[in-house]
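Engineer: input-v1.pdb (PDB, C-alpha atoms) pasted underneath:
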MODEL        1
ATOM      1  CA  ALA M   1       0.000   0.000   0.000  1.00  0.00           C
ATOM      2  CA  ARG M   2       0.962   3.608  -0.502  1.00  0.00           C
ATOM      3  CA  GLY M   3       1.730   4.246   3.170  1.00  0.00           C
ATOM      4  CA  ASP M   4       4.217   1.424   3.611  1.00  0.00           C
ATOM      5  CA  SER M   5       7.265   3.542   2.954  1.00  0.00           C
ATOM      6  CA  ALA M   6       6.224   6.613   4.966  1.00  0.00           C
ATOM      7  CA  SER M   7       7.890   6.982   8.343  1.00  0.00           C
ATOM      8  CA  ILE M   8       8.114   9.504  11.153  1.00  0.00           C
ATOM      9  CA  VAL M   9      11.106   9.747  13.474  1.00  0.00           C
ATOM     10  CA  GLY M  10      11.503  11.624  16.744  1.00  0.00           C
ATOM     11  CA  GLU M  11      15.168  12.253  17.574  1.00  0.00           C
ATOM     12  CA  THR M  12      15.761  13.359  21.150  1.00  0.00           C
ATOM     13  CA  ARG M  13      19.042  14.877  22.229  1.00  0.00           C
ATOM     14  CA  GLY M  14      19.219  16.412  25.684  1.00  0.00           C
ATOM     15  CA  MET M  15      15.903  18.226  26.095  1.00  0.00           C
ATOM     16  CA  LYS M  16      15.074  18.843  22.447  1.00  0.00           C
ATOM     17  CA  THR M  17      13.216  16.562  20.058  1.00  0.00           C
ATOM     18  CA  ILE M  18      13.300  17.014  16.288  1.00  0.00           C
ATOM     19  CA  ILE M  19      10.530  15.254  14.386  1.00  0.00           C
ATOM     20  CA  SER M  20      11.246  14.299  10.771  1.00  0.00           C
ATOM     21  CA  VAL M  21       9.008  12.590   8.237  1.00  0.00           C
ATOM     22  CA  SER M  22       9.826  10.570   5.168  1.00  0.00           C
ATOM     23  CA  SER M  23       7.017  10.134   2.671  1.00  0.00           C
ATOM     24  CA  PRO M  24       6.628   9.013  -0.959  1.00  0.00           C
ATOM     25  CA  SER M  25       3.957  11.685  -1.504  1.00  0.00           C
ATOM     26  CA  ASP M  26       3.413  15.326  -0.502  1.00  0.00           C
ATOM     27  CA  ILE M  27       1.738  15.636   2.908  1.00  0.00           C
ATOM     28  CA  TYR M  28      -1.087  18.183   3.169  1.00  0.00           C
ATOM     29  CA  GLY M  29      -1.710  17.643   6.852  1.00  0.00           C
ATOM     30  CA  ILE M  30      -0.445  15.450   9.646  1.00  0.00           C
ATOM     31  CA  GLU M  31      -1.644  14.658  13.112  1.00  0.00           C
ATOM     32  CA  MET M  32       0.455  12.883  15.713  1.00  0.00           C
ATOM     33  CA  ARG M  33      -0.031  11.616  19.208  1.00  0.00           C
ATOM     34  CA  LEU M  34       2.962  12.006  21.502  1.00  0.00           C
ATOM     35  CA  LYS M  35       3.868  11.038  25.027  1.00  0.00           C
ATOM     36  CA  ALA M  36       5.873  13.453  27.187  1.00  0.00           C
ATOM     37  CA  ILE M  37       8.629  11.482  28.926  1.00  0.00           C
ATOM     38  CA  ASP M  38       9.807  13.878  31.592  1.00  0.00           C
ATOM     39  CA  SER M  39       8.260  17.316  31.193  1.00  0.00           C
ATOM     40  CA  VAL M  40       4.810  18.720  30.725  1.00  0.00           C
ATOM     41  CA  SER M  41       5.945  22.216  29.836  1.00  0.00           C
ATOM     42  CA  PHE M  42       7.026  22.172  26.221  1.00  0.00           C
ATOM     43  CA  GLU M  43       7.176  24.398  23.192  1.00  0.00           C
ATOM     44  CA  VAL M  44       6.395  23.345  19.655  1.00  0.00           C
ATOM     45  CA  LYS M  45       7.905  25.038  16.621  1.00  0.00           C
ATOM     46  CA  SER M  46       6.905  24.274  13.034  1.00  0.00           C
ATOM     47  CA  LEU M  47       9.909  23.771  10.727  1.00  0.00           C
ATOM     48  CA  THR M  48       7.696  23.677   7.621  1.00  0.00           C
ATOM     49  CA  SER M  49       7.123  27.079   6.063  1.00  0.00           C
ATOM     50  CA  GLY M  50       3.453  27.913   5.643  1.00  0.00           C
ATOM     51  CA  CYS M  51       2.264  25.090   7.927  1.00  0.00           C
ATOM     52  CA  ASN M  52       1.038  25.913  11.419  1.00  0.00           C
ATOM     53  CA  ALA M  53       1.400  23.610  14.396  1.00  0.00           C
ATOM     54  CA  TYR M  54      -1.519  23.351  16.788  1.00  0.00           C
ATOM     55  CA  TYR M  55      -1.554  21.151  19.853  1.00  0.00           C
ATOM     56  CA  SER M  56      -3.456  20.134  22.938  1.00  0.00           C
ATOM     57  CA  HIS M  57      -2.358  18.012  25.837  1.00  0.00           C
ATOM     58  CA  SER M  58      -3.846  16.277  28.818  1.00  0.00           C
ATOM     59  CA  GLY M  59      -1.473  14.771  31.365  1.00  0.00           C
ATOM     60  CA  ASP M  60       1.506  13.369  29.519  1.00  0.00           C
ATOM     61  CA  GLU M  61      -0.326  12.863  26.206  1.00  0.00           C
ATOM     62  CA  ILE M  62       0.064  15.525  23.528  1.00  0.00           C
ATOM     63  CA  ILE M  63      -1.757  15.735  20.204  1.00  0.00           C
ATOM     64  CA  ILE M  64      -0.072  17.877  17.544  1.00  0.00           C
ATOM     65  CA  GLY M  65      -1.452  18.755  14.140  1.00  0.00           C
ATOM     66  CA  LEU M  66       0.500  20.403  11.344  1.00  0.00           C
ATOM     67  CA  LEU M  67      -1.171  21.947   8.328  1.00  0.00           C
ATOM     68  CA  ASP M  68      -1.716  25.085   6.298  1.00  0.00           C
ATOM     69  CA  PRO M  69      -5.281  26.302   7.024  1.00  0.00           C
ATOM     70  CA  THR M  70      -5.435  27.805   3.499  1.00  0.00           C
ATOM     71  CA  GLY M  71      -4.523  24.428   1.969  1.00  0.00           C
ATOM     72  CA  VAL M  72      -1.637  25.827  -0.103  1.00  0.00           C
ATOM     73  CA  ALA M  73       1.509  24.850   1.788  1.00  0.00           C
ATOM     74  CA  PHE M  74       2.439  21.211   2.288  1.00  0.00           C
ATOM     75  CA  ILE M  75       5.300  19.035   3.488  1.00  0.00           C
ATOM     76  CA  PRO M  76       7.104  17.975   0.312  1.00  0.00           C
ATOM     77  CA  LYS M  77       7.662  14.280  -0.391  1.00  0.00           C
ATOM     78  CA  GLY M  78      11.020  12.891   0.627  1.00  0.00           C
ATOM     79  CA  VAL M  79      12.618  13.539   4.004  1.00  0.00           C
ATOM     80  CA  SER M  80      11.800  16.737   5.933  1.00  0.00           C
ATOM     81  CA  LYS M  81      12.290  17.994   9.448  1.00  0.00           C
ATOM     82  CA  VAL M  82       8.816  19.177  10.407  1.00  0.00           C
ATOM     83  CA  LEU M  83       8.733  20.041  14.128  1.00  0.00           C
ATOM     84  CA  GLU M  84      11.051  21.048  16.928  1.00  0.00           C
ATOM     85  CA  ILE M  85       9.830  20.354  20.448  1.00  0.00           C
ATOM     86  CA  ASP M  86      11.473  21.481  23.674  1.00  0.00           C
ATOM     87  CA  GLY M  87      11.093  18.466  25.898  1.00  0.00           C
ATOM     88  CA  ASN M  88      11.721  14.755  25.737  1.00  0.00           C
ATOM     89  CA  ILE M  89       8.822  13.075  23.911  1.00  0.00           C
ATOM     90  CA  GLN M  90       8.000   9.831  22.181  1.00  0.00           C
ATOM     91  CA  ILE M  91       5.713   9.524  19.168  1.00  0.00           C
ATOM     92  CA  SER M  92       3.011   6.935  19.682  1.00  0.00           C
ATOM     93  CA  TYR M  93       0.981   7.426  16.501  1.00  0.00           C
ATOM     94  CA  ALA M  94       0.891   9.596  13.373  1.00  0.00           C
ATOM     95  CA  LEU M  95      -1.471   9.920  10.409  1.00  0.00           C
ATOM     96  CA  GLY M  96      -1.136  12.179   7.384  1.00  0.00           C
ATOM     97  CA  ALA M  97      -3.177  13.030   4.308  1.00  0.00           C
ATOM     98  CA  ASP M  98      -2.068  13.555   0.711  1.00  0.00           C
ATOM     99  CA  GLU M  99      -3.458  16.122  -1.756  1.00  0.00           C
ATOM    100  CA  SER M 100      -6.524  13.972  -2.488  1.00  0.00           C
ATOM    101  CA  ALA M 101      -7.124  13.505   1.272  1.00  0.00           C
ATOM    102  CA  HIS M 102      -6.053   9.859   1.102  1.00  0.00           C
ATOM    103  CA  PRO M 103      -4.545   8.732   4.409  1.00  0.00           C
ATOM    104  CA  ILE M 104      -0.767   8.359   4.730  1.00  0.00           C
ATOM    105  CA  TYR M 105       0.141   5.851   7.430  1.00  0.00           C
ATOM    106  CA  PHE M 106       3.466   6.353   9.156  1.00  0.00           C
ATOM    107  CA  LYS M 107       5.827   3.821  10.657  1.00  0.00           C
ATOM    108  CA  VAL M 108       6.839   5.408  13.969  1.00  0.00           C
ATOM    109  CA  GLU M 109      10.392   5.462  15.294  1.00  0.00           C
ATOM    110  CA  SER M 110      11.840   7.191  18.334  1.00  0.00           C
ATOM    111  CA  LYS M 111      15.580   7.680  18.631  1.00  0.00           C
ATOM    112  CA  LEU M 112      17.333   8.796  21.753  1.00  0.00           C
ATOM    113  CA  LEU M 113      20.530  10.389  20.495  1.00  0.00           C
ATOM    114  CA  PRO M 114      23.735  10.642  22.509  1.00  0.00           C
ATOM    115  CA  THR M 115      24.837  14.089  23.669  1.00  0.00           C
ATOM    116  CA  THR M 116      28.585  13.280  23.688  1.00  0.00           C
ATOM    117  CA  PHE M 117      31.078  11.061  21.876  1.00  0.00           C
ATOM    118  CA  SER M 118      31.962   7.931  23.836  1.00  0.00           C
ATOM    119  CA  LEU M 119      33.781   4.630  23.419  1.00  0.00           C
ATOM    120  CA  ASP M 120      32.890   1.797  25.813  1.00  0.00           C
ATOM    121  CA  GLN M 121      35.185  -0.910  27.132  1.00  0.00           C
ATOM    122  CA  ASN M 122      34.775  -4.033  25.025  1.00  0.00           C
ATOM    123  CA  TYR M 123      33.038  -7.059  26.522  1.00  0.00           C
ATOM    124  CA  PRO M 124      33.754  -9.794  27.202  1.00  0.00           C
ATOM    125  CA  ASN M 125      37.366  -8.933  28.033  1.00  0.00           C
ATOM    126  CA  PRO M 126      39.584 -10.997  28.009  1.00  0.00           C
ATOM    127  CA  PHE M 127      37.820 -12.831  25.185  1.00  0.00           C
ATOM    128  CA  ASN M 128      37.941 -15.785  22.811  1.00  0.00           C
ATOM    129  CA  PRO M 129      36.898 -15.890  20.033  1.00  0.00           C
ATOM    130  CA  SER M 130      34.911 -12.635  19.708  1.00  0.00           C
ATOM    131  CA  THR M 131      34.145  -9.416  21.586  1.00  0.00           C
ATOM    132  CA  THR M 132      31.701  -6.507  21.311  1.00  0.00           C
ATOM    133  CA  ILE M 133      32.687  -2.831  21.012  1.00  0.00           C
ATOM    134  CA  LYS M 134      30.130  -0.046  21.491  1.00  0.00           C
ATOM    135  CA  PHE M 135      30.429   3.673  20.785  1.00  0.00           C
ATOM    136  CA  ALA M 136      28.183   6.721  20.566  1.00  0.00           C
ATOM    137  CA  LEU M 137      28.123   9.665  18.143  1.00  0.00           C
ATOM    138  CA  PRO M 138      26.185  12.869  18.951  1.00  0.00           C
ATOM    139  CA  ARG M 139      26.296  14.006  15.303  1.00  0.00           C
ATOM    140  CA  ASN M 140      26.952  12.716  11.794  1.00  0.00           C
ATOM    141  CA  THR M 141      30.689  12.373  11.332  1.00  0.00           C
ATOM    142  CA  ASP M 142      33.468  10.474   9.560  1.00  0.00           C
ATOM    143  CA  VAL M 143      34.402   7.507  11.717  1.00  0.00           C
ATOM    144  CA  SER M 144      37.149   4.913  11.800  1.00  0.00           C
ATOM    145  CA  LEU M 145      37.379   2.060  14.294  1.00  0.00           C
ATOM    146  CA  GLU M 146      40.715   0.263  13.995  1.00  0.00           C
ATOM    147  CA  ILE M 147      42.497  -2.514  15.865  1.00  0.00           C
ATOM    148  CA  PHE M 148      46.247  -2.432  16.568  1.00  0.00           C
ATOM    149  CA  ASN M 149      48.663  -4.919  18.085  1.00  0.00           C
ATOM    150  CA  ILE M 150      50.964  -4.072  20.980  1.00  0.00           C
ATOM    151  CA  LEU M 151      53.654  -2.872  18.516  1.00  0.00           C
ATOM    152  CA  GLY M 152      51.214  -0.305  17.128  1.00  0.00           C
ATOM    153  CA  GLN M 153      50.765  -2.135  13.815  1.00  0.00           C
ATOM    154  CA  LYS M 154      47.268  -2.009  12.381  1.00  0.00           C
ATOM    155  CA  VAL M 155      45.595  -5.428  12.482  1.00  0.00           C
ATOM    156  CA  THR M 156      42.260  -4.587  10.868  1.00  0.00           C
ATOM    157  CA  THR M 157      39.654  -1.859  10.328  1.00  0.00           C
ATOM    158  CA  LEU M 158      36.153  -2.560  11.684  1.00  0.00           C
ATOM    159  CA  VAL M 159      34.501   0.690  10.525  1.00  0.00           C
ATOM    160  CA  LYS M 160      35.459   3.345   8.017  1.00  0.00           C
ATOM    161  CA  GLY M 161      33.065   5.913   6.621  1.00  0.00           C
ATOM    162  CA  ASN M 162      30.443   8.493   7.494  1.00  0.00           C
ATOM    163  CA  LEU M 163      27.961   7.456  10.191  1.00  0.00           C
ATOM    164  CA  GLU M 164      24.823   9.186  11.424  1.00  0.00           C
ATOM    165  CA  ALA M 165      24.396  10.237  15.043  1.00  0.00           C
ATOM    166  CA  GLY M 166      23.419   7.309  17.242  1.00  0.00           C
ATOM    167  CA  PHE M 167      24.604   4.318  19.262  1.00  0.00           C
ATOM    168  CA  TYR M 168      26.657   1.653  17.489  1.00  0.00           C
ATOM    169  CA  THR M 169      27.687  -1.906  18.272  1.00  0.00           C
ATOM    170  CA  TYR M 170      30.372  -3.822  16.389  1.00  0.00           C
ATOM    171  CA  GLN M 171      31.953  -7.213  16.907  1.00  0.00           C
ATOM    172  CA  TRP M 172      35.540  -8.237  16.398  1.00  0.00           C
ATOM    173  CA  HIS M 173      36.124 -11.929  15.833  1.00  0.00           C
ATOM    174  CA  GLY M 174      39.868 -11.835  16.571  1.00  0.00           C
ATOM    175  CA  THR M 175      40.907 -11.829  12.906  1.00  0.00           C
ATOM    176  CA  ASP M 176      43.127  -9.581  10.803  1.00  0.00           C
ATOM    177  CA  GLY M 177      42.194  -7.809   7.569  1.00  0.00           C
ATOM    178  CA  GLU M 178      42.699 -11.061   5.621  1.00  0.00           C
ATOM    179  CA  GLY M 179      40.389 -12.998   7.937  1.00  0.00           C
ATOM    180  CA  ARG M 180      43.183 -14.915   9.680  1.00  0.00           C
ATOM    181  CA  ALA M 181      42.942 -15.502  13.437  1.00  0.00           C
ATOM    182  CA  VAL M 182      45.415 -13.385  15.409  1.00  0.00           C
ATOM    183  CA  ALA M 183      47.614 -14.601  18.273  1.00  0.00           C
ATOM    184  CA  SER M 184      46.733 -14.366  21.962  1.00  0.00           C
ATOM    185  CA  GLY M 185      47.855 -11.165  23.633  1.00  0.00           C
ATOM    186  CA  VAL M 186      47.089  -7.495  24.148  1.00  0.00           C
ATOM    187  CA  TYR M 187      45.414  -5.419  21.416  1.00  0.00           C
ATOM    188  CA  PHE M 188      44.154  -1.842  21.235  1.00  0.00           C
ATOM    189  CA  TYR M 189      41.064  -0.517  19.523  1.00  0.00           C
ATOM    190  CA  ARG M 190      40.929   3.133  18.495  1.00  0.00           C
ATOM    191  CA  LEU M 191      37.886   5.202  17.574  1.00  0.00           C
ATOM    192  CA  LYS M 192      38.401   8.367  15.536  1.00  0.00           C
ATOM    193  CA  ALA M 193      35.229  10.398  15.021  1.00  0.00           C
ATOM    194  CA  GLY M 194      35.872  13.934  13.802  1.00  0.00           C
ATOM    195  CA  GLU M 195      38.068  15.542  16.483  1.00  0.00           C
ATOM    196  CA  PHE M 196      37.301  12.778  18.987  1.00  0.00           C
ATOM    197  CA  VAL M 197      40.011  10.107  19.340  1.00  0.00           C
ATOM    198  CA  LYS M 198      40.021   7.418  22.012  1.00  0.00           C
ATOM    199  CA  SER M 199      41.810   4.082  22.447  1.00  0.00           C
ATOM    200  CA  LYS M 200      41.169   1.180  24.825  1.00  0.00           C
ATOM    201  CA  LYS M 201      43.005  -2.050  25.569  1.00  0.00           C
ATOM    202  CA  MET M 202      41.683  -5.591  25.194  1.00  0.00           C
ATOM    203  CA  VAL M 203      43.111  -9.077  25.637  1.00  0.00           C
ATOM    204  CA  ILE M 204      42.643 -12.268  23.617  1.00  0.00           C
ATOM    205  CA  LEU M 205      43.198 -15.430  25.658  1.00  0.00           C
ATOM    206  CA  LYS M 206      43.190 -18.719  23.806  1.00  0.00           C
TER     207      LYS M 206
ENDMDL
END
Turn the structure described in the file into structure tokens.
Structural biologist:
Amino acid sequence: ARGDSASIVGETRGMKTIISVSSPSDIYGIEMRLKAIDSVSFEVKSLTSGCNAYYSHSGDEIIIGLLDPTGVAFIPKGVSKVLEIDGNIQISYALGADESAHPIYFKVESKLLPTTFSLDQNYPNPFNPSTTIKFALPRNTDVSLEIFNILGQKVTTLVKGNLEAGFYTYQWHGTDGEGRAVASGVYFYRLKAGEFVKSKKMVILK
């Protein structure tokens, strides 16, 4: 059906939530039901020119509508940031309408975004044969996650490229870039994300 590929995402960082929609057709109106996580006082700002946001709330439930009362402005198809909300909220439901007033059904996603860069200690550690490495990015950035031996020689690269803000989990199976198992001993993993650089130590025991 037409609505299968439409989605709405609430990204919360600190005390601000940005709501974005992705839709295969232009949206001439949208209504969403939200749940306030930790604050009842909030402000809503429309990021779509010509569309007004109106809202009502009772308790921790908020209903927000976004449309142009004159019917001229719309949210263009594709991906758009549509609302900025001061406060930590989760979207529970959203429904839109296209130009012919057909419903657009949205798949709802809520993302809690990190506020700082971080690199966690791997686990398990010591390990055999594989271990998990987690890190967090507060914004889109070029990232490399590399593994070095105790002599500082690069063993393998787990991640290289541009990643969106979010929480990431990668596994290392104790192999080099050619897929060969490495020897027991101490290794280092290093995350470079923009200006952020951090290394941590791990041990393979066989």
Engineer: Do a neighbour search on Glu99 of chain M at 9 Å with all atoms listed in the file, toss out local chain neighbours closer than 5 positions, and write the hits as a short mmCIF file (atom, residue, chain, number, x, y, z; two decimals) with C-alpha atoms, in the frame of the given file.
Structural biologist:
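In the end it all went to around11.cif:
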data_model
loop_
_atom_site.label_atom_id
_atom_site.label_comp_id
_atom_site.auth_asym_id
_atom_site.auth_seq_id
_atom_site.Cartn_x
_atom_site.Cartn_y
_atom_site.Cartn_z
CA SER M 25 3.96 11.68 -1.50
CA ASP M 26 3.41 15.33 -0.50
CA ILE M 27 1.74 15.64 2.91
CA TYR M 28 -1.09 18.18 3.17
CA GLY M 29 -1.71 17.64 6.85
CA PHE M 74 2.44 21.21 2.29
#
Engineer: For the file shown, what are the residues hit by the PyMOL selection byres ((chain M and resi 142-152) around 9), laid out as a list in words?
Structural biologist: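 In the shown coordinates, the PyMOL selection byres ((chain M and resi 142-152) around 9) covers Asn140, Thr141, Gln153, Lys154, Val155, Thr156, Thr157, Leu158, Val159, Lys160, Gly161, Asn162, Leu163, Glu164, Asp176, Gly185, Val186, Tyr187, Phe188, Tyr189, Arg190, Leu191, Lys192, Ala193 and Gly194 of chain M.
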Engineer: Quick one: pull the distance between atom CA of Gly59 of chain M and atom CA of Ala94 of chain M, Å, one decimal.
Structural biologist: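 Atom CA of Ala94 of chain M lies at a distance of 18.9 Å from atom CA of Gly59 of chain M.
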Engineer: Val44 of chain M: which residues within 9 Å, counting only C-alpha atoms, same-chain residues fewer than 2 positions away excluded, as a PyMOL selection string?
Structural biologist: chain M and resi 42+46+53-55+64+83-86
Engineer: Between M:Asn122, M:Thr169, M:Ser23, M:Thr115, which is the closest to Pro103 of chain M once you count all atoms listed in the file?
Structural biologist: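 Of M:Asn122, M:Thr169, M:Ser23, M:Thr115, the one nearest Pro103 of chain M, counting all atoms listed in the file, is M:Ser23.
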Engineer: At a cut-off of 10 Å around the point (19.2, 8.9, 21.2) (file coordinates), what residues fall inside when counting only C-alpha atoms? I'd like the answer as a count of residues only.
Structural biologist: 18
Engineer: Quick one: residues within 9 Å of Pro129 of chain M, all atoms listed in the file counted, chain neighbours fewer than 6 positions away excluded, as a short mmCIF file (atom, residue, chain, number, x, y, z; two decimals) with C-alpha atoms, in the frame of the given file?
Structural biologist:
data_model
loop_
_atom_site.label_atom_id
_atom_site.label_comp_id
_atom_site.auth_asym_id
_atom_site.auth_seq_id
_atom_site.Cartn_x
_atom_site.Cartn_y
_atom_site.Cartn_z
CA TRP M 172 35.54 -8.24 16.40
CA HIS M 173 36.12 -11.93 15.83
CA GLY M 174 39.87 -11.84 16.57
CA ALA M 181 42.94 -15.50 13.44
CA ILE M 204 42.64 -12.27 23.62
CA LEU M 205 43.20 -15.43 25.66
CA LYS M 206 43.19 -18.72 23.81
#
Engineer: Given the file above and the PyMOL selection byres ((chain M and resi 69) around 10), which residues are selected, and can you give them as a short mmCIF file (atom, residue, chain, number, x, y, z; two decimals) with C-alpha atoms, in the coordinates of the input?
Structural biologist:
data_model
loop_
_atom_site.label_atom_id
_atom_site.label_comp_id
_atom_site.auth_asym_id
_atom_site.auth_seq_id
_atom_site.Cartn_x
_atom_site.Cartn_y
_atom_site.Cartn_z
CA TYR M 28 -1.09 18.18 3.17
CA GLY M 29 -1.71 17.64 6.85
CA GLY M 50 3.45 27.91 5.64
CA CYS M 51 2.26 25.09 7.93
CA ASN M 52 1.04 25.91 11.42
CA LEU M 66 0.50 20.40 11.34
CA LEU M 67 -1.17 21.95 8.33
CA ASP M 68 -1.72 25.08 6.30
CA THR M 70 -5.44 27.80 3.50
CA GLY M 71 -4.52 24.43 1.97
CA VAL M 72 -1.64 25.83 -0.10
CA ALA M 73 1.51 24.85 1.79
#
Engineer: Hey, could you patch up segment 118-133 of chain M with N, CA, C and O atoms and hand it over as a short mmCIF file (atom, residue, chain, number, x, y, z; two decimals), in the frame of the given file?
Structural biologist:
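Saved the output as part06.cif:
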data_model
loop_
_atom_site.label_atom_id
_atom_site.label_comp_id
_atom_site.auth_asym_id
_atom_site.auth_seq_id
_atom_site.Cartn_x
_atom_site.Cartn_y
_atom_site.Cartn_z
N SER M 118 31.44 8.84 22.81
CA SER M 118 31.96 7.93 23.84
C SER M 118 32.37 6.62 23.20
O SER M 118 31.87 6.24 22.13
N LEU M 119 33.33 5.96 23.84
CA LEU M 119 33.78 4.63 23.42
C LEU M 119 33.78 3.76 24.66
O LEU M 119 34.43 4.07 25.65
N ASP M 120 33.00 2.67 24.63
CA ASP M 120 32.89 1.80 25.81
C ASP M 120 34.01 0.77 25.83
O ASP M 120 34.58 0.43 24.79
N GLN M 121 34.26 0.23 27.03
CA GLN M 121 35.18 -0.91 27.13
C GLN M 121 34.53 -2.12 26.45
O GLN M 121 33.32 -2.34 26.61
N ASN M 122 35.32 -2.85 25.70
CA ASN M 122 34.78 -4.03 25.02
C ASN M 122 34.32 -5.07 26.06
O ASN M 122 34.78 -5.07 27.20
N TYR M 123 33.42 -5.94 25.64
CA TYR M 123 33.04 -7.06 26.52
C TYR M 123 32.70 -8.25 25.64
O TYR M 123 32.21 -8.05 24.53
N PRO M 124 32.94 -9.49 26.01
CA PRO M 124 33.75 -9.79 27.20
C PRO M 124 35.21 -9.38 27.00
O PRO M 124 35.64 -9.20 25.87
N ASN M 125 35.94 -9.27 28.09
CA ASN M 125 37.37 -8.93 28.03
C ASN M 125 38.00 -9.50 29.30
O ASN M 125 37.58 -9.13 30.38
N PRO M 126 39.01 -10.38 29.21
CA PRO M 126 39.58 -11.00 28.01
C PRO M 126 38.53 -11.81 27.25
O PRO M 126 37.50 -12.16 27.81
N PHE M 127 38.83 -12.13 25.98
CA PHE M 127 37.82 -12.83 25.18
C PHE M 127 38.45 -13.88 24.28
O PHE M 127 39.65 -13.87 24.01
N ASN M 128 37.62 -14.79 23.83
CA ASN M 128 37.94 -15.78 22.81
C ASN M 128 36.62 -16.43 22.43
O ASN M 128 35.92 -16.93 23.31
N PRO M 129 36.19 -16.42 21.18
CA PRO M 129 36.90 -15.89 20.03
C PRO M 129 36.46 -14.48 19.61
O PRO M 129 37.08 -13.90 18.75
N SER M 130 35.35 -13.94 20.20
CA SER M 130 34.91 -12.64 19.71
C SER M 130 34.51 -11.72 20.85
O SER M 130 34.22 -12.17 21.97
N THR M 131 34.48 -10.41 20.57
CA THR M 131 34.15 -9.42 21.59
C THR M 131 33.32 -8.32 20.94
O THR M 131 33.30 -8.16 19.72
N THR M 132 32.60 -7.56 21.78
CA THR M 132 31.70 -6.51 21.31
C THR M 132 32.26 -5.14 21.71
O THR M 132 32.67 -4.96 22.86
N ILE M 133 32.23 -4.20 20.76
CA ILE M 133 32.69 -2.83 21.01
C ILE M 133 31.53 -1.89 20.72
O ILE M 133 30.90 -1.98 19.66
#
